[in-house]
$ cat input.pdb   # PDB, C-alpha atoms
ATOM      1  CA  MET A   1       7.070 -31.743   0.812
ATOM      2  CA  ASN A   2       8.696 -28.463  -0.260
ATOM      3  CA  ALA A   3       9.190 -25.605   2.163
ATOM      4  CA  LEU A   4      10.508 -22.207   1.165
ATOM      5  CA  VAL A   5      12.934 -20.511   3.552
ATOM      6  CA  ILE A   6      13.920 -16.865   3.243
ATOM      7  CA  ASP A   7      16.544 -14.724   4.996
ATOM      8  CA  ILE A   8      15.824 -11.016   4.407
ATOM      9  CA  GLY A   9      18.794  -8.868   5.395
ATOM     10  CA  GLY A  10      19.422  -5.181   4.989
ATOM     11  CA  THR A  11      21.564  -5.736   1.881
ATOM     12  CA  ASN A  12      20.773  -9.190   0.491
ATOM     13  CA  THR A  13      17.937 -11.714   0.554
ATOM     14  CA  ARG A  14      18.755 -15.416   0.533
ATOM     15  CA  VAL A  15      16.155 -17.980  -0.514
ATOM     16  CA  ALA A  16      16.213 -21.790  -0.549
ATOM     17  CA  LEU A  17      14.051 -24.895  -0.571
ATOM     18  CA  ALA A  18      13.967 -27.088   2.529
ATOM     19  CA  SER A  19      12.904 -30.614   3.360
ATOM     20  CA  GLY A  20      12.303 -30.995   7.081
ATOM     21  CA  PRO A  21      15.076 -29.163   8.974
ATOM     22  CA  ALA A  22      17.539 -29.500   6.073
ATOM     23  CA  ILE A  23      18.210 -27.186   3.141
ATOM     24  CA  VAL A  24      17.850 -28.879  -0.246
ATOM     25  CA  PRO A  25      21.395 -29.034  -1.701
ATOM     26  CA  GLY A  26      22.008 -26.586  -4.528
ATOM     27  CA  SER A  27      18.785 -24.647  -3.931
ATOM     28  CA  VAL A  28      20.231 -21.549  -2.226
ATOM     29  CA  ARG A  29      20.134 -18.291  -4.171
ATOM     30  CA  ARG A  30      21.238 -14.796  -3.094
ATOM     31  CA  TYR A  31      19.616 -11.588  -4.393
ATOM     32  CA  ARG A  32      20.675  -7.980  -3.881
ATOM     33  CA  ASN A  33      17.784  -6.043  -2.387
ATOM     34  CA  ALA A  34      18.713  -2.839  -4.229
ATOM     35  CA  GLU A  35      17.952  -4.591  -7.532
ATOM     36  CA  HIS A  36      14.363  -5.464  -6.569
ATOM     37  CA  ALA A  37      11.264  -3.446  -5.717
ATOM     38  CA  GLY A  38      10.415  -5.635  -2.742
ATOM     39  CA  LEU A  39      10.297  -9.180  -1.415
ATOM     40  CA  ASP A  40       7.459 -10.128  -3.805
ATOM     41  CA  ALA A  41       9.802  -9.519  -6.749
ATOM     42  CA  VAL A  42      12.593 -11.530  -5.141
ATOM     43  CA  LEU A  43      10.338 -14.517  -4.461
ATOM     44  CA  ALA A  44       8.771 -14.433  -7.927
ATOM     45  CA  ARG A  45      12.238 -14.462  -9.470
ATOM     46  CA  TYR A  46      13.410 -17.300  -7.227
ATOM     47  CA  LEU A  47      10.410 -19.490  -7.955
ATOM     48  CA  SER A  48      10.852 -18.878 -11.675
ATOM     49  CA  ASP A  49      14.570 -19.708 -11.466
ATOM     50  CA  ALA A  50      13.741 -22.874  -9.497
ATOM     51  CA  GLY A  51      11.191 -24.100 -12.067
ATOM     52  CA  THR A  52       8.053 -23.070 -10.128
ATOM     53  CA  PRO A  53       8.068 -25.854  -7.511
ATOM     54  CA  PRO A  54       4.917 -26.343  -5.402
ATOM     55  CA  ILE A  55       5.374 -24.769  -1.949
ATOM     56  CA  GLN A  56       3.466 -26.110   1.043
ATOM     57  CA  SER A  57       4.945 -23.906   3.768
ATOM     58  CA  ALA A  58       7.294 -20.946   4.103
ATOM     59  CA  CYS A  59       9.300 -19.220   6.804
ATOM     60  CA  ALA A  60      10.947 -15.832   6.383
ATOM     61  CA  ALA A  61      13.508 -14.284   8.725
ATOM     62  CA  LEU A  62      13.397 -10.500   8.790
ATOM     63  CA  ALA A  63      16.118  -8.061   9.914
ATOM     64  CA  GLY A  64      13.672  -6.014  11.962
ATOM     65  CA  PRO A  65      10.895  -6.336  14.549
ATOM     66  CA  VAL A  66       7.975  -8.656  13.770
ATOM     67  CA  ARG A  67       4.488  -8.375  15.210
ATOM     68  CA  ASP A  68       1.287 -10.222  14.284
ATOM     69  CA  GLY A  69       2.764 -11.685  11.120
ATOM     70  CA  ARG A  70       4.040  -8.374   9.810
ATOM     71  CA  GLY A  71       7.384  -6.623  10.013
ATOM     72  CA  ARG A  72       9.473  -3.819   8.600
ATOM     73  CA  LEU A  73      13.157  -3.992   7.793
ATOM     74  CA  THR A  74      15.204  -1.771  10.078
ATOM     75  CA  ASN A  75      17.741  -0.727   7.440
ATOM     76  CA  LEU A  76      15.598  -0.871   4.267
ATOM     77  CA  ASP A  77      12.185   0.532   3.385
ATOM     78  CA  TRP A  78      10.469  -2.841   2.919
ATOM     79  CA  THR A  79       7.409  -4.057   4.802
ATOM     80  CA  ILE A  80       6.953  -7.838   4.906
ATOM     81  CA  ASP A  81       3.638  -9.596   5.551
ATOM     82  CA  GLU A  82       2.857 -13.300   5.918
ATOM     83  CA  ALA A  83      -0.228 -12.879   3.735
ATOM     84  CA  ASP A  84       1.852 -11.435   0.890
ATOM     85  CA  ILE A  85       4.318 -14.333   1.088
ATOM     86  CA  ALA A  86       1.414 -16.785   0.964
ATOM     87  CA  ARG A  87      -0.035 -15.044  -2.073
ATOM     88  CA  VAL A  88       3.216 -15.092  -4.047
ATOM     89  CA  THR A  89       4.313 -18.620  -3.107
ATOM     90  CA  GLY A  90       0.982 -20.418  -2.743
ATOM     91  CA  ALA A  91       2.089 -21.697   0.682
ATOM     92  CA  ARG A  92      -0.730 -22.667   3.026
ATOM     93  CA  ARG A  93       1.371 -22.061   6.137
ATOM     94  CA  VAL A  94       3.659 -19.036   6.466
ATOM     95  CA  ARG A  95       5.661 -17.841   9.444
ATOM     96  CA  LEU A  96       7.577 -14.569   9.755
ATOM     97  CA  ILE A  97      10.244 -14.360  12.463
ATOM     98  CA  ASN A  98      13.112 -12.052  13.390
ATOM     99  CA  ASP A  99      16.426 -12.881  11.686
ATOM    100  CA  LEU A 100      18.251 -13.483  14.962
ATOM    101  CA  GLN A 101      15.508 -15.883  16.012
ATOM    102  CA  ALA A 102      16.304 -17.842  12.844
ATOM    103  CA  GLN A 103      19.991 -17.864  13.786
ATOM    104  CA  GLY A 104      19.026 -19.219  17.204
ATOM    105  CA  TYR A 105      16.887 -21.990  15.731
ATOM    106  CA  ALA A 106      19.839 -22.942  13.511
ATOM    107  CA  LEU A 107      22.205 -23.771  16.382
ATOM    108  CA  ASP A 108      20.937 -27.333  16.779
ATOM    109  CA  HIS A 109      21.304 -28.025  13.054
ATOM    110  CA  LEU A 110      24.756 -26.621  12.208
ATOM    111  CA  SER A 111      27.475 -28.888  10.844
ATOM    112  CA  PRO A 112      30.351 -29.678  13.250
ATOM    113  CA  GLY A 113      32.773 -27.497  11.278
ATOM    114  CA  ALA A 114      30.558 -24.407  11.288
ATOM    115  CA  LEU A 115      32.003 -22.915  14.494
ATOM    116  CA  ILE A 116      35.275 -21.090  15.194
ATOM    117  CA  PRO A 117      36.199 -20.788  18.890
ATOM    118  CA  VAL A 118      36.848 -17.209  20.021
ATOM    119  CA  LEU A 119      36.908 -17.549  23.826
ATOM    120  CA  HIS A 120      37.111 -20.925  25.490
ATOM    121  CA  GLY A 121      34.896 -21.836  28.416
ATOM    122  CA  PRO A 122      32.643 -24.595  29.702
ATOM    123  CA  GLN A 123      29.387 -25.116  27.841
ATOM    124  CA  VAL A 124      26.477 -26.522  29.835
ATOM    125  CA  ARG A 125      24.357 -28.903  27.787
ATOM    126  CA  GLY A 126      20.804 -27.553  27.830
ATOM    127  CA  GLY A 127      21.981 -24.191  29.184
ATOM    128  CA  ALA A 128      20.781 -20.910  27.757
ATOM    129  CA  ARG A 129      22.584 -19.744  24.613
ATOM    130  CA  LEU A 130      22.921 -16.338  23.010
ATOM    131  CA  VAL A 131      23.325 -15.388  19.356
ATOM    132  CA  ILE A 132      24.710 -11.987  18.407
ATOM    133  CA  GLY A 133      24.349 -10.932  14.782
ATOM    134  CA  ILE A 134      26.700  -8.342  13.269
ATOM    135  CA  GLY A 135      26.220  -7.348   9.647
ATOM    136  CA  THR A 136      24.336  -4.436   8.105
ATOM    137  CA  GLY A 137      22.960  -3.998  11.636
ATOM    138  CA  PHE A 138      23.370  -5.543  15.086
ATOM    139  CA  ASN A 139      21.023  -7.674  17.160
ATOM    140  CA  ALA A 140      20.963 -10.437  19.753
ATOM    141  CA  ALA A 141      18.577 -13.231  20.730
ATOM    142  CA  ALA A 142      18.460 -15.669  23.638
ATOM    143  CA  VAL A 143      17.994 -19.381  22.919
ATOM    144  CA  HIS A 144      16.322 -21.586  25.540
ATOM    145  CA  ALA A 145      15.539 -25.295  25.671
ATOM    146  CA  GLY A 146      11.835 -25.496  26.562
ATOM    147  CA  PRO A 147       9.590 -28.458  27.401
ATOM    148  CA  THR A 148       8.153 -28.501  23.865
ATOM    149  CA  GLY A 149      11.345 -27.613  21.989
ATOM    150  CA  THR A 150      13.692 -24.705  21.389
ATOM    151  CA  LEU A 151      12.441 -21.212  22.188
ATOM    152  CA  VAL A 152      14.214 -18.153  20.764
ATOM    153  CA  THR A 153      13.165 -14.723  21.985
ATOM    154  CA  ALA A 154      13.059 -11.649  19.734
ATOM    155  CA  ALA A 155      14.817  -8.356  20.467
ATOM    156  CA  GLU A 156      16.229  -5.208  18.858
ATOM    157  CA  ALA A 157      19.432  -5.003  20.881
ATOM    158  CA  GLY A 158      21.300  -3.008  18.247
ATOM    159  CA  HIS A 159      19.222   0.046  19.046
ATOM    160  CA  SER A 160      20.222   0.123  22.703
ATOM    161  CA  THR A 161      22.397   3.026  23.797
ATOM    162  CA  LEU A 162      26.082   2.721  22.893
ATOM    163  CA  PRO A 163      27.961   2.270  26.185
ATOM    164  CA  VAL A 164      30.242   5.182  27.123
ATOM    165  CA  SER A 165      32.675   5.147  30.050
ATOM    166  CA  ASP A 166      35.164   7.947  29.335
ATOM    167  CA  GLU A 167      35.731  11.134  27.325
ATOM    168  CA  ALA A 168      36.994   9.215  24.296
ATOM    169  CA  GLY A 169      33.863   7.061  24.303
ATOM    170  CA  LEU A 170      31.676  10.157  24.524
ATOM    171  CA  SER A 171      33.519  11.705  21.572
ATOM    172  CA  LEU A 172      33.054   8.487  19.565
ATOM    173  CA  ALA A 173      29.332   8.387  20.402
ATOM    174  CA  ARG A 174      28.861  11.994  19.315
ATOM    175  CA  PHE A 175      30.714  11.297  16.061
ATOM    176  CA  ALA A 176      28.618   8.191  15.283
ATOM    177  CA  ALA A 177      25.242   9.597  16.372
ATOM    178  CA  GLY A 178      22.534  10.215  13.809
ATOM    179  CA  ALA A 179      20.704  13.465  13.173
ATOM    180  CA  ASP A 180      18.684  12.904  16.354
ATOM    181  CA  GLY A 181      21.855  12.892  18.445
ATOM    182  CA  PHE A 182      21.302   9.286  19.589
ATOM    183  CA  ALA A 183      24.218   6.850  19.323
ATOM    184  CA  ALA A 184      23.062   3.221  19.230
ATOM    185  CA  VAL A 185      25.123   0.056  19.584
ATOM    186  CA  GLU A 186      24.893  -0.674  15.862
ATOM    187  CA  ASP A 187      26.259   2.779  15.038
ATOM    188  CA  ILE A 188      29.643   1.200  15.878
ATOM    189  CA  LEU A 189      29.006  -2.562  15.850
ATOM    190  CA  SER A 190      27.945  -3.076  12.223
ATOM    191  CA  GLY A 191      29.413  -2.596   8.774
ATOM    192  CA  ARG A 192      28.719   1.126   8.736
ATOM    193  CA  GLY A 193      29.721   1.222  12.395
ATOM    194  CA  LEU A 194      33.229   0.023  11.526
ATOM    195  CA  GLU A 195      33.339   2.864   8.993
ATOM    196  CA  HIS A 196      32.284   5.289  11.745
ATOM    197  CA  ALA A 197      35.099   3.980  13.964
ATOM    198  CA  PHE A 198      37.616   4.530  11.175
ATOM    199  CA  GLY A 199      36.275   8.024  10.469
ATOM    200  CA  TRP A 200      36.460   8.983  14.150
ATOM    201  CA  ILE A 201      40.021   7.679  14.537
ATOM    202  CA  THR A 202      41.300   9.587  11.511
ATOM    203  CA  SER A 203      39.416  12.729  12.565
ATOM    204  CA  GLN A 204      40.982  12.558  16.026
ATOM    205  CA  ALA A 205      44.377  12.340  14.345
ATOM    206  CA  GLY A 206      43.637  15.494  12.344
ATOM    207  CA  SER A 207      43.497  13.773   8.951
ATOM    208  CA  PRO A 208      39.864  12.741   8.362
ATOM    209  CA  ARG A 209      39.455   9.822   5.973
ATOM    210  CA  THR A 210      36.647   7.530   4.889
ATOM    211  CA  MET A 211      36.947   3.861   3.982
ATOM    212  CA  ALA A 212      34.465   1.091   3.231
ATOM    213  CA  ALA A 213      34.167  -1.617   5.880
ATOM    214  CA  HIS A 214      35.505  -4.402   3.660
ATOM    215  CA  SER A 215      38.541  -2.259   2.782
ATOM    216  CA  ILE A 216      39.227  -1.570   6.464
ATOM    217  CA  VAL A 217      39.436  -5.316   7.081
ATOM    218  CA  GLU A 218      41.508  -5.973   3.950
ATOM    219  CA  ARG A 219      44.017  -3.180   4.664
ATOM    220  CA  ALA A 220      44.439  -3.666   8.404
ATOM    221  CA  ALA A 221      47.846  -5.274   7.941
ATOM    222  CA  THR A 222      49.241  -2.228   6.109
ATOM    223  CA  ASP A 223      47.107   0.728   7.259
ATOM    224  CA  PRO A 224      47.578   1.674  10.948
ATOM    225  CA  ASP A 225      44.266   3.562  11.027
ATOM    226  CA  ALA A 226      42.392   0.507   9.744
ATOM    227  CA  ALA A 227      44.123  -1.671  12.333
ATOM    228  CA  GLN A 228      43.190   0.772  15.091
ATOM    229  CA  ALA A 229      39.558   0.850  13.908
ATOM    230  CA  LEU A 230      39.406  -2.935  14.172
ATOM    231  CA  ARG A 231      40.900  -2.849  17.669
ATOM    232  CA  LEU A 232      38.301  -0.275  18.703
ATOM    233  CA  PHE A 233      35.565  -2.437  17.177
ATOM    234  CA  ALA A 234      36.816  -5.529  19.024
ATOM    235  CA  ASP A 235      36.996  -3.643  22.333
ATOM    236  CA  MET A 236      33.451  -2.293  21.954
ATOM    237  CA  LEU A 237      32.163  -5.717  20.931
ATOM    238  CA  GLY A 238      33.698  -7.157  24.079
ATOM    239  CA  VAL A 239      31.927  -4.568  26.247
ATOM    240  CA  VAL A 240      28.525  -5.055  24.604
ATOM    241  CA  ALA A 241      28.754  -8.856  24.344
ATOM    242  CA  GLY A 242      29.769  -8.995  28.004
ATOM    243  CA  ASP A 243      26.767  -6.887  29.007
ATOM    244  CA  LEU A 244      24.460  -9.148  26.986
ATOM    245  CA  ALA A 245      26.015 -12.223  28.583
ATOM    246  CA  LEU A 246      25.202 -10.860  32.032
ATOM    247  CA  ASN A 247      21.655 -10.121  30.891
ATOM    248  CA  HIS A 248      21.043 -13.666  29.636
ATOM    249  CA  LEU A 249      23.653 -15.924  31.352
ATOM    250  CA  PRO A 250      24.388 -18.070  28.275
ATOM    251  CA  PHE A 251      26.116 -20.995  29.971
ATOM    252  CA  GLY A 252      25.446 -22.973  26.786
ATOM    253  CA  GLY A 253      27.607 -20.573  24.785
ATOM    254  CA  LEU A 254      27.554 -17.276  22.942
ATOM    255  CA  PHE A 255      27.543 -17.359  19.125
ATOM    256  CA  LEU A 256      28.579 -14.512  16.803
ATOM    257  CA  THR A 257      26.875 -14.560  13.397
ATOM    258  CA  GLY A 258      26.752 -12.383  10.286
ATOM    259  CA  GLY A 259      29.165 -11.219   7.616
ATOM    260  CA  VAL A 260      30.860  -8.554   9.719
ATOM    261  CA  ALA A 261      31.246 -10.962  12.658
ATOM    262  CA  ARG A 262      33.026 -13.440  10.394
ATOM    263  CA  ALA A 263      35.225 -10.708   8.887
ATOM    264  CA  VAL A 264      36.443  -9.359  12.250
ATOM    265  CA  THR A 265      36.867 -12.739  13.977
ATOM    266  CA  PRO A 266      40.629 -12.957  13.209
ATOM    267  CA  TYR A 267      41.040  -9.678  15.112
ATOM    268  CA  LEU A 268      39.225 -10.963  18.196
ATOM    269  CA  ASP A 269      42.295 -13.055  19.080
ATOM    270  CA  ALA A 270      43.978  -9.898  20.349
ATOM    271  CA  PRO A 271      43.719  -9.262  24.119
ATOM    272  CA  GLY A 272      41.283  -6.361  23.722
ATOM    273  CA  PHE A 273      38.139  -8.392  23.077
ATOM    274  CA  ALA A 274      38.703 -10.837  25.934
ATOM    275  CA  ALA A 275      39.703  -8.075  28.364
ATOM    276  CA  SER A 276      36.656  -5.956  27.501
ATOM    277  CA  PHE A 277      34.326  -8.955  27.633
ATOM    278  CA  ARG A 278      35.524  -9.946  31.106
ATOM    279  CA  ALA A 279      35.972  -6.458  32.608
ATOM    280  CA  LYS A 280      32.906  -6.664  34.853
ATOM    281  CA  GLY A 281      34.385  -5.878  38.267
ATOM    282  CA  ARG A 282      33.664  -8.514  40.878
ATOM    283  CA  PHE A 283      31.749 -10.520  38.255
ATOM    284  CA  ALA A 284      34.891 -10.945  36.121
ATOM    285  CA  PRO A 285      35.332 -14.590  37.240
ATOM    286  CA  LEU A 286      31.785 -15.366  36.094
ATOM    287  CA  MET A 287      32.606 -14.093  32.601
ATOM    288  CA  ALA A 288      35.106 -16.922  32.176
ATOM    289  CA  GLU A 289      32.122 -19.311  32.286
ATOM    290  CA  PHE A 290      30.877 -18.150  28.871
ATOM    291  CA  ALA A 291      32.372 -19.681  25.733
ATOM    292  CA  VAL A 292      32.253 -17.558  22.576
ATOM    293  CA  HIS A 293      32.168 -18.926  19.020
ATOM    294  CA  THR A 294      31.750 -17.477  15.531
ATOM    295  CA  VAL A 295      29.294 -19.197  13.180
ATOM    296  CA  THR A 296      30.921 -19.542   9.752
ATOM    297  CA  ASP A 297      27.815 -20.748   7.889
ATOM    298  CA  ASP A 298      26.555 -17.818   5.809
ATOM    299  CA  PHE A 299      23.221 -19.592   5.319
ATOM    300  CA  ALA A 300      22.564 -20.462   8.963
ATOM    301  CA  ALA A 301      19.403 -18.316   9.068
ATOM    302  CA  LEU A 302      17.922 -20.427   6.259
ATOM    303  CA  THR A 303      18.701 -23.576   8.235
ATOM    304  CA  GLY A 304      17.071 -21.941  11.258
ATOM    305  CA  CYS A 305      13.917 -21.189   9.285
ATOM    306  CA  ALA A 306      13.791 -24.806   8.147
ATOM    307  CA  GLY A 307      14.303 -26.047  11.688
ATOM    308  CA  TYR A 308      11.608 -23.709  12.973
ATOM    309  CA  LEU A 309       9.066 -24.967  10.433
ATOM    310  CA  ALA A 310       9.969 -28.589  11.165
ATOM    311  CA  GLY A 311       9.630 -28.020  14.903
ATOM    312  CA  GLN A 312       6.226 -26.393  14.490
ATOM    313  CA  GLY A 313       4.825 -29.571  12.918
TER     314      GLY A 313
END
$ encode --input "input.pdb" --output "structure tokens"
Amino acid sequence: MNALVIDIGGTNTRVALASGPAIVPGSVRRYRNAEHAGLDAVLARYLSDAGTPPIQSACAALAGPVRDGRGRLTNLDWTIDEADIARVTGARRVRLINDLQAQGYALDHLSPGALIPVLHGPQVRGGARLVIGIGTGFNAAAVHAGPTGTLVTAAEAGHSTLPVSDEAGLSLARFAAGADGFAAVEDILSGRGLEHAFGWITSQAGSPRTMAAHSIVERAATDPDAAQALRLFADMLGVVAGDLALNHLPFGGLFLTGGVARAVTPYLDAPGFAASFRAKGRFAPLMAEFAVHTVTDDFAALTGCAGYLAGQG
């Protein structure tokens, strides 16, 4: 029985075939959203490329809020509807979920080598877990073991207020804020957010510069401003991830996902991330109870969609 699984990000859409909770080997394809008019065009192209296989069910993970089988991408002007997916694919059963929910459903199906330890700590089997996605945007989702299977809650954590604790933080927030004057978490903790951090640092130094996120990471060893931007990013990630850990108490572990998370992981070894994560006053000892990992599997959301469909029966 063929299932179609779809991961719709702000920049790319990934599509694959699945059998049960497993992705069919060799079936994954990646499409740039800017080259397509909408998801319908992406799916039509994929099915054509795949030889028009019959599809019985489909699950799509969307980088944006989902309600009543319909959602809109946060960082792209696409609206996604379960009925449209059914029409294009011929699937009789379609489910649309948030992309971080898909990452949460993937945790039980990842290969043993798909995790890089960032902060060590005990992990309680069956304890709550937390996934934090950092890519085009930022989001988080709690993962709970329920009586009928895994339950992953939806959220839009990237649009929470960027935490500010001093004059420098206030200056950074003002620099990163949009036209409405509101500075959200993902205005720093995302690909464009890393660019904002770099722009603010160079502006503070009196020599404003711009640099693409991937170049900031690549040049950190030779460009002091790029290195400082990554340190700022790591510090802010520690603050926000620590706050989220206190909100959800993920004694089963905290998992960083997404392209930007993977890119900055080598820079999380520095003391700044750990210090910021654990700087919670009298609750600092509790913070040592939360292990942090980075998920290296770029297609984990597809695996999560497959696992979700399989778990739904």
$ resolve_selection --input "input.pdb" --expression "the PyMOL selection byres ((chain A and resi 213) around 6)" --output "PyMOL selection string"
chain A and resi 191+194-195+212+214-216
$ atom_distance --input "input.pdb" --atom1 "atom CA of A:Ala22" --atom2 "atom CA of A:Ala60"
15.2 Å
$ residues_around --input "input.pdb" --residues "A:Val66" --least-positions-apart "4" --cutoff "7 Å" --atoms "all atoms listed in the file" --output "ChimeraX atom specification"
/A:70-71,97-98
$ atom_distance --input "input.pdb" --atom1 "atom CA of A:Ala245" --atom2 "atom CA of A:Ile6"
28.5 Å
$ residues_around --input "input.pdb" --residues "A:Ser160" --least-positions-apart "6" --cutoff "12 Å" --atoms "all atoms listed in the file" --output "short mmCIF file (atom, residue, chain, number, x, y, z; two decimals) with C-alpha atoms, in the coordinates of the input"
data_model
loop_
_atom_site.label_atom_id
_atom_site.label_comp_id
_atom_site.auth_asym_id
_atom_site.auth_seq_id
_atom_site.Cartn_x
_atom_site.Cartn_y
_atom_site.Cartn_z
CA PHE A 138 23.37 -5.54 15.09
CA ASN A 139 21.02 -7.67 17.16
CA ALA A 140 20.96 -10.44 19.75
CA PHE A 182 21.30 9.29 19.59
CA ALA A 183 24.22 6.85 19.32
CA ALA A 184 23.06 3.22 19.23
CA VAL A 185 25.12 0.06 19.58
CA GLU A 186 24.89 -0.67 15.86
CA ASP A 187 26.26 2.78 15.04
CA ILE A 188 29.64 1.20 15.88
CA LEU A 189 29.01 -2.56 15.85
CA VAL A 240 28.52 -5.06 24.60
CA ASP A 243 26.77 -6.89 29.01
CA LEU A 244 24.46 -9.15 26.99
#
$ atom_distance --input "input.pdb" --atom1 "atom CA of A:Pro117" --atom2 "atom CA of A:Pro266"
10.6 Å
$ closest_residue --input "input.pdb" --among "A:Met236, A:Ala205, A:Ile134, A:Ala179" --to "A:Val260" --atoms "only C-alpha atoms"
A:Ile134
$ resolve_selection --input "input.pdb" --expression "the PyMOL selection byres ((chain A and resi 277-282) around 8)" --output "PyMOL selection string"
chain A and resi 235+237-243+273-276+283-285+287-288
$ closest_residue --input "input.pdb" --among "A:Gly258, A:Ser203, A:Ala270, A:Val152" --to "A:Leu232" --atoms "only C-alpha atoms"
A:Ala270
$ closest_residue --input "input.pdb" --among "A:Ser190, A:Thr222, A:Gln103, A:Thr148" --to "A:Val295" --atoms "only C-alpha atoms"
A:Gln103
$ residues_around --input "input.pdb" --residues "A:Ile116" --least-positions-apart "6" --cutoff "8 Å" --atoms "all atoms listed in the file" --output "number ranges by chain"
A: 293-296
$ closest_residue --input "input.pdb" --among "A:Leu119, A:Cys305, A:Ala102, A:Ala50" --to "A:Arg29" --atoms "all atoms listed in the file"
A:Ala50
$ residues_around --input "input.pdb" --residues "A:Ala173" --least-positions-apart "3" --cutoff "10 Å" --atoms "only C-alpha atoms" --output "JSON, numbers by chain"
{"A": [161, 162, 163, 164, 167, 168, 169, 170, 176, 177, 178, 181, 182, 183, 184, 185, 187, 188, 196, 197, 200]}
